[in-house]
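To start, the structure under review is shown below, and the notes come after it.
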Amino acid sequence: MDAAFLALVAIILVALAFDYTNGFHDAANAIAVAVSTKALTPRAALALAAVMNLVGAFLSTEVAKTVGAGIIDAPEGSDGLKIVFAALIGAIAWNLITWWFGLPSSSSHALIGGLVGAALAAAHSVQWMGILDKVVIPMVLSPLVGFGLGYLFMLALLWAFRNANVTRANRGFKYAQIASSATMALGHGMQDAQKTMGIMTLALFTAGEIDSFEVPFWVVVAAAGAISAGTYAGGFRIMRTMGRRIIQLTPTGGFAAQTVASGVMVTTATVFAVPVSTTHITTTSIMGVGATRRLSAVRWGIAGNIVVAWVVTLPAAAAVAAVAYFLTDLVV
């Protein structure tokens, strides 16, 4: 077994470790709202999210191709493998830091920031137009869409059920939240599992193991399994932030936020093939729903801390990845 093959195996394992951290870091996106409204118990919600993440990962590979081939021009051989390895280290480090502090930052942007930081440290080219079109513009627009649609959809539900019995309506929306949680987890699998597939395929391509950027089936299976296992492990720190600290949601509001967020995620994955942040969309959907009561109902201070975490994710992960690349280059 030569050194290059061993390096490739190590990178695949690190990529799956990132996928696992992505699962428990972002588990809150799919289930926090359902748990906070008592529609589901935490473990039942996690099990549902894990299964639907697994299913979603098998539905498409378009986002994987965007992440693996549309962000940087990784060179073939050992240099390319070092870039991928450093990018993963940067993303994992940022995931763990934000998880520890309970901040729902974006695993997607941590991974993309890691790729950019490692490529720049290695003095290789970055596809800046691809980042603008596929990362920056969706990063700005998707939260705005989540907030606006969350606000409008909640208003529509309030109007449609204005004469309904409150107790009966809440009971019905608790059941509806099971379906919206499942759809949310499906969208998460379609988005986030694919990003790791893209990184693993990039590693295989740079190592010369595959001739074209097509995601092998075993990569899909491995990435789907890792994110599903991570999801079931849970991310209770972030769950508390998403489910209660931004705003205390009713079952109706929880259903509205999850329905909007899952719709945006599935659409961006299937129609536009862009790697949007499930965290950003979910958080702003919750804010939009909460704003229908009154603007002061949303705890904007907590929301502000979350936005700061969003802004610094790309450069922070890039910086860690750059340091990881320099250290790897010294050792290898």
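Ordering of the structure tokens sets the chain letters (A, B, ...); residue numbers start at 1 within each chain; ligands are numbered from 1 in the order shown.
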Q: Quick one: everything within 8 Å of Ile199 of chain A, counting only C-alpha atoms, minus sequence neighbours fewer than 6 positions away in the same chain. Send it as a ChimeraX atom specification.
A: /A:15,64,67-68,84
Export N, CA and C atoms of the chosen residues as a PDB file, in the first residue's frame?
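In the end it all went to again_2.pdb:
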ATOM      1  N   ALA A  15     -13.358  13.056   6.117  1.00  0.00           N
ATOM      2  CA  ALA A  15     -14.570  13.593   5.493  1.00  0.00           C
ATOM      3  C   ALA A  15     -15.818  13.002   6.150  1.00  0.00           C
ATOM      4  N   ALA A  64     -23.541  18.085  -4.659  1.00  0.00           N
ATOM      5  CA  ALA A  64     -22.207  17.493  -4.477  1.00  0.00           C
ATOM      6  C   ALA A  64     -21.264  17.930  -5.592  1.00  0.00           C
ATOM      7  N   VAL A  67     -20.197  21.634  -5.032  1.00  0.00           N
ATOM      8  CA  VAL A  67     -19.194  21.816  -3.984  1.00  0.00           C
ATOM      9  C   VAL A  67     -17.848  21.259  -4.413  1.00  0.00           C
ATOM     10  N   GLY A  68     -17.844  20.077  -5.003  1.00  0.00           N
ATOM     11  CA  GLY A  68     -16.585  19.427  -5.342  1.00  0.00           C
ATOM     12  C   GLY A  68     -15.878  20.020  -6.538  1.00  0.00           C
ATOM     13  N   VAL A  84      -7.610  19.257   0.335  1.00  0.00           N
ATOM     14  CA  VAL A  84      -8.878  18.681   0.796  1.00  0.00           C
ATOM     15  C   VAL A  84      -8.804  18.355   2.286  1.00  0.00           C
TER      16      VAL A  84
END
Q.
Which residues are close to Thr284 of chain A, i.e. within 8 Å by only C-alpha atoms, leaving aside same-chain residues fewer than 2 positions away? Reply as a list in words.
A.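 The residues that qualify are Pro143, Leu144, Gly146, Phe147, Gly150, His280, Ile281, Thr282, Ile286, Met287 and Gly288 of chain A.
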Q.
Please determine, counting only C-alpha atoms, which residue among A:Val33, A:Ala119, A:Ala164, A:Ala50 has the shortest atom-to-atom distance to Gly80 of chain A.
A.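 Comparing A:Val33, A:Ala119, A:Ala164, A:Ala50 against Gly80 of chain A, the winner is A:Ala119.
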Q: Please provide as an MDAnalysis selection string all residues within 10 Å of Gly77 of chain A, with the sequence filter that same-chain residues fewer than 6 positions apart are discarded (counting only C-alpha atoms).
A: chainID A and resid 4 203:208
May I have the selected residues written with N, CA and C atoms, as an mmCIF file, in the first residue's frame?
data_model
loop_
_atom_site.group_PDB
_atom_site.id
_atom_site.type_symbol
_atom_site.label_atom_id
_atom_site.label_comp_id
_atom_site.auth_asym_id
_atom_site.auth_seq_id
_atom_site.Cartn_x
_atom_site.Cartn_y
_atom_site.Cartn_z
ATOM 1 N N ALA A 4 0.333 7.481 -0.995
ATOM 2 C CA ALA A 4 -0.759 8.261 -1.582
ATOM 3 C C ALA A 4 -2.111 7.610 -1.296
ATOM 4 N N ALA A 203 -11.584 14.353 -3.554
ATOM 5 C CA ALA A 203 -10.375 13.643 -3.117
ATOM 6 C C ALA A 203 -10.063 12.472 -4.055
ATOM 7 N N LEU A 204 -11.088 11.716 -4.432
ATOM 8 C CA LEU A 204 -10.884 10.595 -5.352
ATOM 9 C C LEU A 204 -10.390 11.066 -6.717
ATOM 10 N N PHE A 205 -10.929 12.203 -7.167
ATOM 11 C CA PHE A 205 -10.539 12.737 -8.476
ATOM 12 C C PHE A 205 -9.089 13.229 -8.461
ATOM 13 N N THR A 206 -8.727 13.969 -7.416
ATOM 14 C CA THR A 206 -7.351 14.488 -7.345
ATOM 15 C C THR A 206 -6.337 13.359 -7.157
ATOM 16 N N ALA A 207 -6.769 12.256 -6.546
ATOM 17 C CA ALA A 207 -5.869 11.114 -6.364
ATOM 18 C C ALA A 207 -5.788 10.233 -7.606
ATOM 19 N N GLY A 208 -6.604 10.548 -8.629
ATOM 20 C CA GLY A 208 -6.585 9.773 -9.863
ATOM 21 C C GLY A 208 -7.353 8.468 -9.798
#
Q) Just how far from atom CA of Ile72 of chain A is atom CA of Ala226 of chain A, in Å to one decimal? A) 24.5 Å
(Q) If we count only C-alpha atoms and set the cut-off at 7 Å, which residues sit around Glu62 of chain A, ignoring sequence neighbours fewer than 3 positions away in its own chain? Please answer as an NGL selection string. (A) :A and (65-66 or 273)
Take the residues from that selection and write them out as a PDB file, in the first residue's frame, keeping C-alpha atoms.
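Result saved to out.pdb:
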ATOM      1  CA  LYS A  65     -20.934  18.381  -7.943  1.00  0.00           C
ATOM      2  CA  THR A  66     -21.234  22.093  -7.192  1.00  0.00           C
ATOM      3  CA  ALA A 273     -28.169  22.923  -7.270  1.00  0.00           C
TER       4      ALA A 273
END
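Atom CA of Ser106 of chain A to atom CA of Lys134 of chain A spans 14.9 Å [interatomic distance, one decimal].
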**Q.** Nearest to Met129 of chain A, chosen from A:Gly70, A:Phe18, A:Ala321, A:Gly114, with only C-alpha atoms counted in the distances
**A.** A:Gly70
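Residues lying within 6 Å of Ala110 of chain A, counting only C-alpha atoms and ignoring same-chain neighbours fewer than 5 positions away, are Ala91, Thr313, Leu314 and Ala317 of chain A.
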Produce a file of the selected residues containing N, CA and C atoms, as a PDB file, in the first residue's frame.
ATOM      1  N   ALA A  91     -13.175  22.981   8.635  1.00  0.00           N
ATOM      2  CA  ALA A  91     -14.625  22.884   8.789  1.00  0.00           C
ATOM      3  C   ALA A  91     -14.998  22.164  10.085  1.00  0.00           C
ATOM      4  N   THR A 313     -18.140  32.786   9.824  1.00  0.00           N
ATOM      5  CA  THR A 313     -17.906  31.369   9.532  1.00  0.00           C
ATOM      6  C   THR A 313     -16.957  31.166   8.363  1.00  0.00           C
ATOM      7  N   LEU A 314     -17.217  31.809   7.227  1.00  0.00           N
ATOM      8  CA  LEU A 314     -16.362  31.622   6.060  1.00  0.00           C
ATOM      9  C   LEU A 314     -14.904  31.993   6.340  1.00  0.00           C
ATOM     10  N   ALA A 317     -13.285  29.594   9.240  1.00  0.00           N
ATOM     11  CA  ALA A 317     -12.963  28.253   8.757  1.00  0.00           C
ATOM     12  C   ALA A 317     -11.816  28.298   7.750  1.00  0.00           C
TER      13      ALA A 317
END
Q: Give the answer as one residue: which of A:Thr328, A:Ser60, A:Asn53, A:Asn170 has the shortest atom-to-atom distance to Gly225 of chain A, using only C-alpha atoms?
A: A:Asn53
Q) What does the distance between atom CA of Asp133 of chain A and atom CA of Leu186 of chain A come to in Å, to one decimal place? A)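 Rounded to one decimal, the two atoms are 24.5 Å apart.
Within 8 Å of Val14 of chain A, once only C-alpha atoms are used and residues closer than 6 positions along the same chain are dropped, the contacting residues are Phe85, Leu88 and Ile89 of chain A.
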Kindly save the residues from that selection, with C-alpha atoms included, as a PDB file, in the first residue's frame.
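The resulting file, selection_37.pdb, is shown below:
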ATOM      1  CA  PHE A  85      -7.518  17.438   4.136  1.00  0.00           C
ATOM      2  CA  LEU A  88     -11.929  19.350   6.285  1.00  0.00           C
ATOM      3  CA  ILE A  89      -9.882  20.166   9.396  1.00  0.00           C
TER       4      ILE A  89
END
(Q) So, with only C-alpha atoms as the atoms that count, which of A:Leu330, A:Met190, A:Ala34, A:Leu81 lies closest to Ser277 of chain A? (A)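 With only C-alpha atoms as the atom set, the closest residue is A:Met190.
Minimum atom-to-atom distance to Val307 of chain A, evaluated using only C-alpha atoms, belongs to A:Met139 out of A:Ala160, A:Leu111, A:Met139, A:Val266.
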